[in-house]
>>> print(open('query06.txt').read())   # compact mmCIF, C-alpha atoms and all ligand atoms
# COMPACT_ATOMS: atom_id res chain seq x y z
CA MET A 1 -10.77 2.20 -16.26
CA SER A 2 -6.98 2.23 -16.80
CA PRO A 3 -4.91 3.32 -13.84
CA ARG A 4 -2.84 6.46 -14.26
CA HIS A 5 0.75 6.01 -13.13
CA PRO A 6 2.66 8.54 -11.01
CA ALA A 7 5.21 10.44 -13.11
CA PRO A 8 8.54 9.33 -11.57
CA LEU A 9 7.72 5.60 -11.82
CA PRO A 10 10.24 3.60 -13.92
CA ALA A 11 9.24 3.52 -17.59
CA HIS A 12 8.70 -0.26 -17.86
CA LEU A 13 5.96 -0.02 -15.21
CA ARG A 14 4.39 3.13 -16.64
CA GLN A 15 3.80 1.23 -19.88
CA LEU A 16 1.52 -1.30 -18.19
CA ASP A 17 -2.19 -0.86 -18.78
CA ARG A 18 -3.30 -2.63 -15.62
CA THR A 19 -3.26 -2.34 -11.86
CA LEU A 20 0.21 -2.98 -10.45
CA VAL A 21 1.00 -5.56 -7.80
CA MET A 22 3.11 -4.58 -4.81
CA GLY A 23 4.52 -7.54 -2.87
CA VAL A 24 5.15 -7.06 0.86
CA VAL A 25 8.57 -7.81 2.33
CA ASN A 26 8.36 -7.19 6.08
CA VAL A 27 11.80 -7.37 7.70
CA THR A 28 10.23 -7.42 11.14
CA PRO A 29 9.90 -9.94 13.96
CA ASP A 30 6.29 -8.94 14.73
CA SER A 31 4.14 -7.95 11.70
CA PHE A 32 0.61 -9.23 12.14
CA SER A 33 0.51 -11.67 9.25
CA ASP A 34 4.09 -12.69 8.50
CA GLY A 35 6.11 -11.35 11.44
CA GLY A 36 9.47 -13.07 11.86
CA ARG A 37 9.33 -15.14 8.69
CA TRP A 38 11.69 -12.93 6.70
CA PHE A 39 13.52 -11.25 9.58
CA GLU A 40 17.01 -12.43 8.55
CA PRO A 41 18.33 -10.38 5.61
CA THR A 42 19.02 -13.47 3.49
CA ALA A 43 15.50 -14.78 4.05
CA ALA A 44 14.03 -11.34 3.25
CA ILE A 45 16.03 -11.07 0.02
CA GLU A 46 15.04 -14.59 -1.08
CA HIS A 47 11.43 -13.82 -0.26
CA GLY A 48 11.55 -10.62 -2.33
CA LEU A 49 13.06 -12.46 -5.29
CA ARG A 50 10.35 -15.12 -5.03
CA LEU A 51 7.62 -12.45 -5.03
CA LEU A 52 9.12 -10.99 -8.22
CA GLU A 53 8.99 -14.43 -9.86
CA GLU A 54 5.37 -14.75 -8.76
CA GLY A 55 4.44 -11.51 -10.51
CA ALA A 56 5.16 -8.59 -8.18
CA ASP A 57 5.81 -5.34 -10.06
CA ILE A 58 7.07 -3.55 -6.95
CA LEU A 59 8.46 -4.79 -3.62
CA ASP A 60 7.42 -2.87 -0.50
CA LEU A 61 10.13 -3.17 2.08
CA GLY A 62 9.42 -2.33 5.72
CA GLY A 63 11.43 -2.58 8.93
CA GLU A 64 8.80 -1.48 11.42
CA SER A 65 5.55 -3.27 12.21
CA THR A 66 2.38 -1.18 12.11
CA ARG A 67 0.11 -3.89 13.51
CA PRO A 68 -2.43 -2.61 16.06
CA GLY A 69 -0.71 -2.06 19.40
CA ALA A 70 2.85 -2.23 17.99
CA ALA A 71 5.55 -0.11 19.65
CA ARG A 72 8.10 1.95 17.65
CA VAL A 73 11.55 0.60 16.80
CA PRO A 74 14.53 2.98 17.00
CA LEU A 75 15.68 4.54 13.71
CA ALA A 76 19.05 2.77 13.87
CA GLU A 77 17.35 -0.60 14.04
CA GLU A 78 14.87 0.17 11.26
CA ARG A 79 17.80 1.27 9.12
CA GLU A 80 19.77 -1.89 9.81
CA ARG A 81 16.80 -4.06 8.92
CA VAL A 82 15.92 -2.25 5.69
CA LEU A 83 19.06 -1.02 3.96
CA PRO A 84 20.98 -4.30 3.33
CA VAL A 85 17.85 -5.95 1.92
CA LEU A 86 17.06 -2.85 -0.15
CA ARG A 87 20.53 -2.77 -1.69
CA ALA A 88 20.35 -6.44 -2.67
CA LEU A 89 16.87 -6.18 -4.18
CA VAL A 90 17.73 -3.02 -6.13
CA ALA A 91 20.88 -4.76 -7.40
CA ALA A 92 18.68 -7.63 -8.57
CA GLY A 93 16.66 -5.15 -10.66
CA ALA A 94 13.59 -4.79 -8.42
CA VAL A 95 11.55 -1.61 -8.20
CA VAL A 96 11.54 -1.06 -4.46
CA SER A 97 9.24 0.96 -2.25
CA VAL A 98 10.39 1.77 1.28
CA ASP A 99 7.63 1.51 3.88
CA THR A 100 8.72 4.06 6.48
CA SER A 101 7.35 7.10 8.24
CA ARG A 102 10.84 8.46 8.98
CA ALA A 103 12.25 11.11 6.66
CA ALA A 104 15.87 10.16 7.43
CA LEU A 105 15.35 6.56 6.34
CA ALA A 106 13.25 7.57 3.34
CA ASP A 107 16.09 9.83 2.21
CA GLU A 108 18.76 7.15 2.60
CA ALA A 109 16.58 4.51 0.97
CA VAL A 110 16.06 6.66 -2.13
CA GLN A 111 19.81 7.24 -2.31
CA HIS A 112 20.21 3.45 -2.30
CA GLY A 113 17.76 3.07 -5.17
CA ALA A 114 14.23 3.02 -3.71
CA ALA A 115 11.79 4.46 -6.27
CA ILE A 116 8.85 4.96 -3.93
CA VAL A 117 8.44 6.25 -0.38
CA ASN A 118 5.41 4.57 1.22
CA ASP A 119 4.49 6.63 4.27
CA VAL A 120 1.64 5.16 6.34
CA THR A 121 1.36 8.46 8.24
CA GLY A 122 0.92 10.67 5.16
CA GLY A 123 3.59 12.97 6.56
CA LEU A 124 2.01 13.34 10.01
CA GLY A 125 4.63 11.09 11.60
CA ASP A 126 7.66 13.21 10.68
CA GLU A 127 7.47 16.88 9.82
CA GLN A 128 10.53 16.59 7.57
CA MET A 129 9.00 13.87 5.40
CA HIS A 130 7.36 15.96 2.67
CA ALA A 131 10.35 18.28 2.14
CA THR A 132 12.68 15.25 2.11
CA VAL A 133 10.62 13.38 -0.49
CA ALA A 134 10.36 16.58 -2.54
CA ARG A 135 14.16 16.77 -2.72
CA SER A 136 14.48 13.04 -3.48
CA GLY A 137 12.26 13.04 -6.58
CA ALA A 138 10.65 9.72 -5.53
CA VAL A 139 7.03 8.66 -5.90
CA TYR A 140 5.23 9.41 -2.61
CA VAL A 141 2.43 7.25 -1.20
CA ALA A 142 0.39 9.19 1.37
CA MET A 143 -1.77 6.86 3.43
CA HIS A 144 -4.71 7.94 5.57
CA TRP A 145 -3.59 7.89 9.21
CA ARG A 146 -4.97 9.28 12.44
CA GLY A 147 -2.39 8.19 14.98
CA PRO A 148 0.21 5.61 16.02
CA SER A 149 -0.52 1.89 16.08
CA ASP A 150 -0.77 1.72 19.87
CA VAL A 151 -3.68 4.20 19.96
CA MET A 152 -5.21 4.04 16.47
CA ASP A 153 -8.19 1.83 17.30
CA GLY A 154 -9.40 4.54 19.70
CA LEU A 155 -9.37 7.09 16.84
CA ALA A 156 -11.85 5.21 14.67
CA ARG A 157 -14.81 7.56 15.05
CA TYR A 158 -16.47 8.56 11.77
CA ASP A 159 -19.81 10.09 10.79
CA ASP A 160 -19.07 9.51 7.11
CA VAL A 161 -15.89 7.51 6.73
CA VAL A 162 -15.51 8.03 2.97
CA ALA A 163 -15.99 11.81 3.12
CA GLU A 164 -13.71 12.17 6.14
CA VAL A 165 -10.91 10.04 4.71
CA ARG A 166 -11.17 11.94 1.43
CA ALA A 167 -10.98 15.31 3.19
CA GLU A 168 -8.07 14.25 5.43
CA LEU A 169 -6.15 12.88 2.43
CA ALA A 170 -6.82 16.09 0.48
CA SER A 171 -5.27 18.08 3.29
CA ARG A 172 -2.16 15.85 3.25
CA VAL A 173 -1.88 16.41 -0.51
CA ASP A 174 -2.02 20.18 0.01
CA HIS A 175 0.73 19.93 2.61
CA ALA A 176 2.89 17.69 0.40
CA VAL A 177 2.49 19.97 -2.62
CA GLN A 178 3.33 23.04 -0.53
CA ALA A 179 6.49 21.26 0.60
CA GLY A 180 7.46 20.77 -3.03
CA ILE A 181 6.31 17.26 -3.98
CA PRO A 182 4.87 17.47 -7.51
CA ARG A 183 1.18 16.50 -7.51
CA GLU A 184 1.84 13.99 -10.28
CA SER A 185 4.28 12.13 -7.99
CA ILE A 186 1.66 11.48 -5.29
CA VAL A 187 -0.37 8.30 -4.73
CA LEU A 188 -3.18 8.13 -2.15
CA ASP A 189 -4.15 5.19 0.06
CA PRO A 190 -7.29 4.91 2.23
CA GLY A 191 -5.28 3.13 4.95
CA LEU A 192 -7.50 0.10 5.44
CA GLY A 193 -7.26 -1.18 9.01
CA PHE A 194 -5.52 1.97 10.29
CA ALA A 195 -7.92 3.60 12.77
CA LYS A 196 -10.51 1.46 11.00
CA PRO A 197 -10.79 -1.83 12.87
CA GLY A 198 -14.04 -3.14 11.37
CA ALA A 199 -16.93 -2.28 9.12
CA GLU A 200 -15.50 1.17 8.20
CA ASN A 201 -13.26 -0.58 5.66
CA TRP A 202 -16.04 -1.68 3.31
CA PRO A 203 -17.41 1.77 2.40
CA LEU A 204 -13.83 2.85 1.70
CA LEU A 205 -13.36 -0.02 -0.73
CA ALA A 206 -16.78 0.49 -2.28
CA GLY A 207 -16.11 4.25 -2.47
CA LEU A 208 -12.74 4.13 -4.23
CA ASP A 209 -14.17 6.31 -6.99
CA VAL A 210 -14.94 9.01 -4.40
CA LEU A 211 -11.30 8.97 -3.26
CA GLY A 212 -10.26 8.79 -6.93
CA SER A 213 -12.10 12.06 -7.55
CA LEU A 214 -9.10 13.79 -5.94
CA GLY A 215 -7.45 13.02 -9.29
CA LEU A 216 -4.53 10.96 -7.97
CA PRO A 217 -3.67 7.26 -8.36
CA LEU A 218 -4.84 4.98 -5.53
CA LEU A 219 -3.02 2.22 -3.67
CA VAL A 220 -5.12 -0.34 -1.78
CA GLY A 221 -3.70 -2.44 1.06
CA ALA A 222 -6.35 -4.92 2.18
CA SER A 223 -4.07 -7.93 2.39
CA ARG A 224 -4.87 -10.29 5.27
CA LYS A 225 -6.33 -7.49 7.37
CA ARG A 226 -8.63 -7.94 10.37
CA PHE A 227 -11.81 -6.91 8.55
CA LEU A 228 -11.30 -9.86 6.17
CA GLY A 229 -10.78 -12.20 9.14
CA HIS A 230 -14.12 -11.00 10.57
CA LEU A 231 -15.89 -11.32 7.23
CA LEU A 232 -14.84 -14.97 7.00
CA ALA A 233 -15.46 -15.71 10.70
CA ARG A 234 -16.08 -19.28 11.70
CA PRO A 235 -19.55 -20.34 12.94
CA GLY A 236 -18.66 -19.42 16.55
CA GLY A 237 -17.74 -15.89 15.40
CA GLU A 238 -13.98 -16.35 15.70
CA PRO A 239 -12.13 -14.51 12.88
CA VAL A 240 -10.09 -16.73 10.55
CA PRO A 241 -6.32 -16.27 11.03
CA PRO A 242 -4.25 -14.10 8.61
CA SER A 243 -2.92 -17.20 6.82
CA GLU A 244 -6.50 -18.01 5.71
CA ARG A 245 -7.32 -14.58 4.29
CA ASP A 246 -5.50 -14.78 0.94
CA GLY A 247 -8.53 -15.86 -1.11
CA ALA A 248 -10.52 -12.88 0.19
CA THR A 249 -7.49 -10.65 -0.41
CA ALA A 250 -7.33 -11.72 -4.07
CA ALA A 251 -11.06 -11.04 -4.44
CA VAL A 252 -10.52 -7.51 -3.09
CA SER A 253 -7.61 -7.11 -5.52
CA ALA A 254 -9.87 -7.94 -8.48
CA LEU A 255 -12.57 -5.52 -7.30
CA ALA A 256 -10.08 -2.74 -6.55
CA ALA A 257 -8.47 -3.22 -9.96
CA ALA A 258 -11.88 -3.13 -11.68
CA ALA A 259 -12.56 0.12 -9.78
CA GLY A 260 -9.38 1.60 -11.28
CA ALA A 261 -6.87 1.26 -8.40
CA TRP A 262 -3.33 2.02 -9.49
CA CYS A 263 -1.77 -0.67 -7.29
CA VAL A 264 -2.67 -3.34 -4.73
CA ARG A 265 -0.31 -4.21 -1.86
CA VAL A 266 -0.37 -7.91 -0.92
CA HIS A 267 1.52 -10.61 0.92
CA GLU A 268 0.57 -13.49 -1.40
CA VAL A 269 1.40 -12.24 -4.88
CA ARG A 270 0.47 -15.04 -7.28
CA ALA A 271 -3.31 -14.95 -6.80
CA THR A 272 -3.40 -11.15 -6.94
CA ALA A 273 -1.22 -11.09 -10.09
CA ASP A 274 -3.93 -13.31 -11.66
CA ALA A 275 -6.74 -11.21 -10.18
CA VAL A 276 -5.54 -7.91 -11.66
CA ARG A 277 -5.28 -9.55 -15.09
CA VAL A 278 -8.82 -10.87 -14.77
CA ALA A 279 -9.96 -7.35 -13.89
CA GLN A 280 -8.08 -5.92 -16.87
CA ALA A 281 -9.70 -8.41 -19.28
CA TRP A 282 -13.09 -7.73 -17.70
CA THR A 283 -12.91 -3.95 -17.96
CA THR A 284 -11.53 -4.05 -21.52
CA ALA A 285 -14.32 -6.39 -22.63
CA ARG A 286 -16.95 -4.34 -20.81
CA SER A 287 -15.79 -1.22 -22.56
CA ALA A 288 -16.00 -3.02 -25.94
CA VAL A 289 -19.51 -4.28 -25.15
CA ARG A 290 -20.56 -0.76 -24.20
CA ASP A 291 -19.10 0.57 -27.44
CA THR A 292 -21.24 -1.95 -29.34
CA THR A 293 -24.41 -1.14 -27.46
CA GLY A 294 -23.76 2.59 -27.64
CA GLU A 295 -23.63 2.95 -23.82
CA ASN A 296 -20.15 4.50 -23.95
CA ARG A 297 -21.58 7.37 -25.99
CA GLY A 298 -23.74 8.18 -22.97
N1 LIG B 1 -0.60 -1.67 5.52
C1 LIG B 1 0.40 -2.12 6.30
C2 LIG B 1 1.70 -1.60 6.16
N2 LIG B 1 1.98 -0.68 5.23
N3 LIG B 1 1.26 0.71 3.48
C3 LIG B 1 0.29 1.19 2.70
N4 LIG B 1 0.55 2.12 1.78
N5 LIG B 1 -1.00 0.73 2.79
C4 LIG B 1 -1.35 -0.22 3.71
O1 LIG B 1 -2.55 -0.57 3.78
C5 LIG B 1 -0.34 -0.72 4.57
C6 LIG B 1 0.99 -0.22 4.41
C7 LIG B 1 0.11 -3.16 7.35
O2 LIG B 1 0.26 -4.44 6.85
P1 LIG B 1 1.58 -5.34 7.08
O3 LIG B 1 1.93 -5.23 8.55
O4 LIG B 1 1.23 -6.70 6.74
O5 LIG B 1 2.67 -4.83 6.23
>>> encode(input="query06.txt", output="structure tokens", more="lines below")
Ligand code: PMM
Amino acid sequence: MSPRHPAPLPAHLRQLDRTLVMGVVNVTPDSFSDGGRWFEPTAAIEHGLRLLEEGADILDLGGESTRPGAARVPLAEERERVLPVLRALVAAGAVVSVDTSRAALADEAVQHGAAIVNDVTGGLGDEQMHATVARSGAVYVAMHWRGPSDVMDGLARYDDVVAEVRAELASRVDHAVQAGIPRESIVLDPGLGFAKPGAENWPLLAGLDVLGSLGLPLLVGASRKRFLGHLLARPGGEPVPPSERDGATAAVSALAAAAGAWCVRVHEVRATADAVRVAQAWTTARSAVRDTTGENRG
């Protein structure tokens, strides 16, 4: 299945017939997997440029940690962290996504060249967000979210996680479209790990086609998350640390790409850049085999 690209995406990316790779640049002192490593602007810029060399199609730039339990940073500080790095990466030719739930920063970031607004709250974190993105003309990523990082684990109650996430995302799409964001500019994200601390993440990954039935491109952010640490737990049951979750992350990238995800968001780009190409070759060959056997004709 080829991913459909959102309409305002730059043309050189829209031409690609594979899942895109979004490399994470966290300009934060406290993100769960790489906090502090790229906190200085120069280090963040160098890191972003390295991710591009390694095969990132998009850089996702964030100045506020969303790890479980994290407290908010003031807008002024988020701005100071993000904007200098954004300007440098845009000047270097990168397609940049700004990872923020604040409309004011989203607006400024797009004015400085960000092509995508990645909102982990799907608009629930700032009532101005949807109208602001509508005016900006950017691609909008609406992630499934039930509440802030300091309380989200307590909101992880589901009878049917796939159906509920689908319904809650559909309602965010309605809100975004009413605020003026064109439907073809919207990308949806199941929000792995957000109000989903454990086993709820697997049905969401396995049910990507159910979320895809909303007719919008999907972004998947599994990279180094807790549920992978638990999956790979050591014999005593202790989860492996984030630094040892990249192999599992790349495996998820391949599966998500084979399931038709538009983009995968990862910290370690090289393995995922390979994984999405493997998935592309696999799905192309499978389609050819099915043509030969007549299966594609139903
Ligand atoms: N996860 C994190 C941050 N931003 N954005 C989207 N769209 N999807 C995600 O799954 C997502 C995100 C948390 O990971 P990080 O702290 O390592 O950036």
>>> closest_residue(input="query06.txt", among="A:Val240, A:Val266, A:Val151, A:Ala94", to="ligand LIG 1 (chain B)", atoms="all atoms listed in the file")
A:Val266
>>> closest_residue(input="query06.txt", among="A:Ala70, A:Arg79, A:Leu49, A:Pro239", to="Gly93 (chain A)", atoms="all atoms listed in the file")
A:Leu49
>>> closest_residue(input="query06.txt", among="A:Gly123, A:Pro41, A:Pro29, A:Gly215", to="Val73 (chain A)", atoms="only C-alpha atoms")
A:Pro29
>>> residues_near_ligand(input="query06.txt", ligand="ligand LIG 1 (chain B)", cutoff="8 Å", atoms="all atoms listed in the file", output="ChimeraX atom specification")
/A:24-26,31-35,62,65-67,99,118-120,141-143,189-194,219-225,265-267
>>> axis_aligned_box(input="query06.txt", around="region 1-16 of chain A", padding_each_side="8 Å", output="JSON")
{"center_x": -0.3, "center_y": 4.6, "center_z": -15.4, "size_x": 37.0, "size_y": 27.7, "size_z": 24.9}
>>> residues_around(input="query06.txt", residues="Val21 (chain A)", least_positions_apart="2", cutoff="9 Å", atoms="all atoms listed in the file", output="PyMOL selection string")
chain A and resi 19+23+55-59+262-266+269+272-273+276
>>> residues_near_point(input="query06.txt", point="(-15.6, -12.8, 3.8)", cutoff="6 Å", atoms="all atoms listed in the file", output="MDAnalysis selection string")
chainID A and resid 228 231:232
>>> residues_around(input="query06.txt", residues="Ala91 (chain A)", least_positions_apart="2", cutoff="12 Å", atoms="only C-alpha atoms", output="VMD selection string")
chain A and resid 45 49 84 to 89 93 to 96 112 to 114
>>> closest_residue(input="query06.txt", among="A:Asp160, A:Glu108, A:Glu127, A:Glu46", to="Asn201 (chain A)", atoms="all atoms listed in the file")
A:Asp160
>>> residues_near_point(input="query06.txt", point="(7.4, 7.7, 4.0)", cutoff="10 Å", atoms="only C-alpha atoms", output="ChimeraX atom specification")
/A:97-107,116-126,129-130,132-133,139-143
>>> atom_distance(input="query06.txt", atom1="CA of Ala138 (chain A)", atom2="CA of Val173 (chain A)")
15.1 Å
>>> residues_around(input="query06.txt", residues="Leu255 (chain A)", least_positions_apart="4", cutoff="8 Å", atoms="all atoms listed in the file", output="ChimeraX atom specification")
/A:251,259,279
>>> closest_residue(input="query06.txt", among="A:Leu204, A:Ala275, A:Leu188, A:Ala195", to="Arg146 (chain A)", atoms="all atoms listed in the file")
A:Ala195
>>> atom_distance(input="query06.txt", atom1="CA of Leu216 (chain A)", atom2="CA of Pro182 (chain A)")
11.4 Å
>>> atom_distance(input="query06.txt", atom1="CA of Gly198 (chain A)", atom2="CA of Arg226 (chain A)")
7.3 Å
>>> closest_residue(input="query06.txt", among="A:Val82, A:Ala76, A:Ala71, A:Ala92", to="Asp30 (chain A)", atoms="all atoms listed in the file")
A:Ala71
>>> decode(input="query06.txt", residues="region 205-221 of chain A", atoms="N, CA, C and O atoms", output="PDB file, in the first residue's frame")
ATOM      1  N   LEU A 205      -1.061  -0.569  16.999  1.00  0.00           N
ATOM      2  CA  LEU A 205      -0.140  -0.817  15.877  1.00  0.00           C
ATOM      3  C   LEU A 205      -0.736  -1.849  14.927  1.00  0.00           C
ATOM      4  O   LEU A 205      -0.695  -1.672  13.708  1.00  0.00           O
ATOM      5  N   ALA A 206      -1.298  -2.910  15.513  1.00  0.00           N
ATOM      6  CA  ALA A 206      -1.867  -3.969  14.665  1.00  0.00           C
ATOM      7  C   ALA A 206      -3.128  -3.489  13.958  1.00  0.00           C
ATOM      8  O   ALA A 206      -3.531  -4.055  12.946  1.00  0.00           O
ATOM      9  N   GLY A 207      -3.761  -2.436  14.493  1.00  0.00           N
ATOM     10  CA  GLY A 207      -5.014  -1.935  13.919  1.00  0.00           C
ATOM     11  C   GLY A 207      -4.831  -0.644  13.144  1.00  0.00           C
ATOM     12  O   GLY A 207      -5.779   0.142  13.032  1.00  0.00           O
ATOM     13  N   LEU A 208      -3.656  -0.437  12.582  1.00  0.00           N
ATOM     14  CA  LEU A 208      -3.432   0.809  11.828  1.00  0.00           C
ATOM     15  C   LEU A 208      -4.441   0.964  10.696  1.00  0.00           C
ATOM     16  O   LEU A 208      -4.851   2.071  10.366  1.00  0.00           O
ATOM     17  N   ASP A 209      -4.827  -0.184  10.093  1.00  0.00           N
ATOM     18  CA  ASP A 209      -5.789  -0.074   8.987  1.00  0.00           C
ATOM     19  C   ASP A 209      -7.143   0.453   9.476  1.00  0.00           C
ATOM     20  O   ASP A 209      -7.849   1.151   8.746  1.00  0.00           O
ATOM     21  N   VAL A 210      -7.492   0.160  10.734  1.00  0.00           N
ATOM     22  CA  VAL A 210      -8.758   0.673  11.284  1.00  0.00           C
ATOM     23  C   VAL A 210      -8.671   2.197  11.414  1.00  0.00           C
ATOM     24  O   VAL A 210      -9.598   2.923  11.050  1.00  0.00           O
ATOM     25  N   LEU A 211      -7.534   2.678  11.913  1.00  0.00           N
ATOM     26  CA  LEU A 211      -7.352   4.135  12.000  1.00  0.00           C
ATOM     27  C   LEU A 211      -7.272   4.727  10.590  1.00  0.00           C
ATOM     28  O   LEU A 211      -7.781   5.822  10.333  1.00  0.00           O
ATOM     29  N   GLY A 212      -6.638   3.989   9.679  1.00  0.00           N
ATOM     30  CA  GLY A 212      -6.500   4.455   8.289  1.00  0.00           C
ATOM     31  C   GLY A 212      -7.842   4.568   7.594  1.00  0.00           C
ATOM     32  O   GLY A 212      -7.979   5.303   6.607  1.00  0.00           O
ATOM     33  N   SER A 213      -8.861   3.877   8.118  1.00  0.00           N
ATOM     34  CA  SER A 213     -10.181   3.944   7.468  1.00  0.00           C
ATOM     35  C   SER A 213     -10.812   5.324   7.638  1.00  0.00           C
ATOM     36  O   SER A 213     -11.834   5.619   7.025  1.00  0.00           O
ATOM     37  N   LEU A 214     -10.205   6.196   8.442  1.00  0.00           N
ATOM     38  CA  LEU A 214     -10.673   7.591   8.496  1.00  0.00           C
ATOM     39  C   LEU A 214     -10.251   8.339   7.229  1.00  0.00           C
ATOM     40  O   LEU A 214     -10.649   9.488   7.022  1.00  0.00           O
ATOM     41  N   GLY A 215      -9.405   7.711   6.415  1.00  0.00           N
ATOM     42  CA  GLY A 215      -9.067   8.279   5.105  1.00  0.00           C
ATOM     43  C   GLY A 215      -7.955   9.310   5.143  1.00  0.00           C
ATOM     44  O   GLY A 215      -7.782  10.061   4.179  1.00  0.00           O
ATOM     45  N   LEU A 216      -7.201   9.352   6.245  1.00  0.00           N
ATOM     46  CA  LEU A 216      -6.111  10.332   6.340  1.00  0.00           C
ATOM     47  C   LEU A 216      -4.785   9.611   6.547  1.00  0.00           C
ATOM     48  O   LEU A 216      -4.743   8.496   7.072  1.00  0.00           O
ATOM     49  N   PRO A 217      -3.669  10.258   6.138  1.00  0.00           N
ATOM     50  CA  PRO A 217      -2.359   9.630   6.338  1.00  0.00           C
ATOM     51  C   PRO A 217      -2.064   9.455   7.826  1.00  0.00           C
ATOM     52  O   PRO A 217      -2.542  10.236   8.654  1.00  0.00           O
ATOM     53  N   LEU A 218      -1.263   8.425   8.136  1.00  0.00           N
ATOM     54  CA  LEU A 218      -0.948   8.123   9.543  1.00  0.00           C
ATOM     55  C   LEU A 218       0.533   8.308   9.840  1.00  0.00           C
ATOM     56  O   LEU A 218       1.396   7.906   9.052  1.00  0.00           O
ATOM     57  N   LEU A 219       0.802   8.886  11.000  1.00  0.00           N
ATOM     58  CA  LEU A 219       2.163   9.004  11.533  1.00  0.00           C
ATOM     59  C   LEU A 219       2.248   8.077  12.742  1.00  0.00           C
ATOM     60  O   LEU A 219       1.331   8.035  13.561  1.00  0.00           O
ATOM     61  N   VAL A 220       3.352   7.336  12.844  1.00  0.00           N
ATOM     62  CA  VAL A 220       3.518   6.393  13.959  1.00  0.00           C
ATOM     63  C   VAL A 220       4.787   6.743  14.722  1.00  0.00           C
ATOM     64  O   VAL A 220       5.876   6.818  14.139  1.00  0.00           O
ATOM     65  N   GLY A 221       4.647   6.945  16.028  1.00  0.00           N
ATOM     66  CA  GLY A 221       5.800   7.309  16.859  1.00  0.00           C
ATOM     67  C   GLY A 221       6.028   6.282  17.957  1.00  0.00           C
ATOM     68  O   GLY A 221       5.614   6.493  19.100  1.00  0.00           O
TER      69      GLY A 221
END
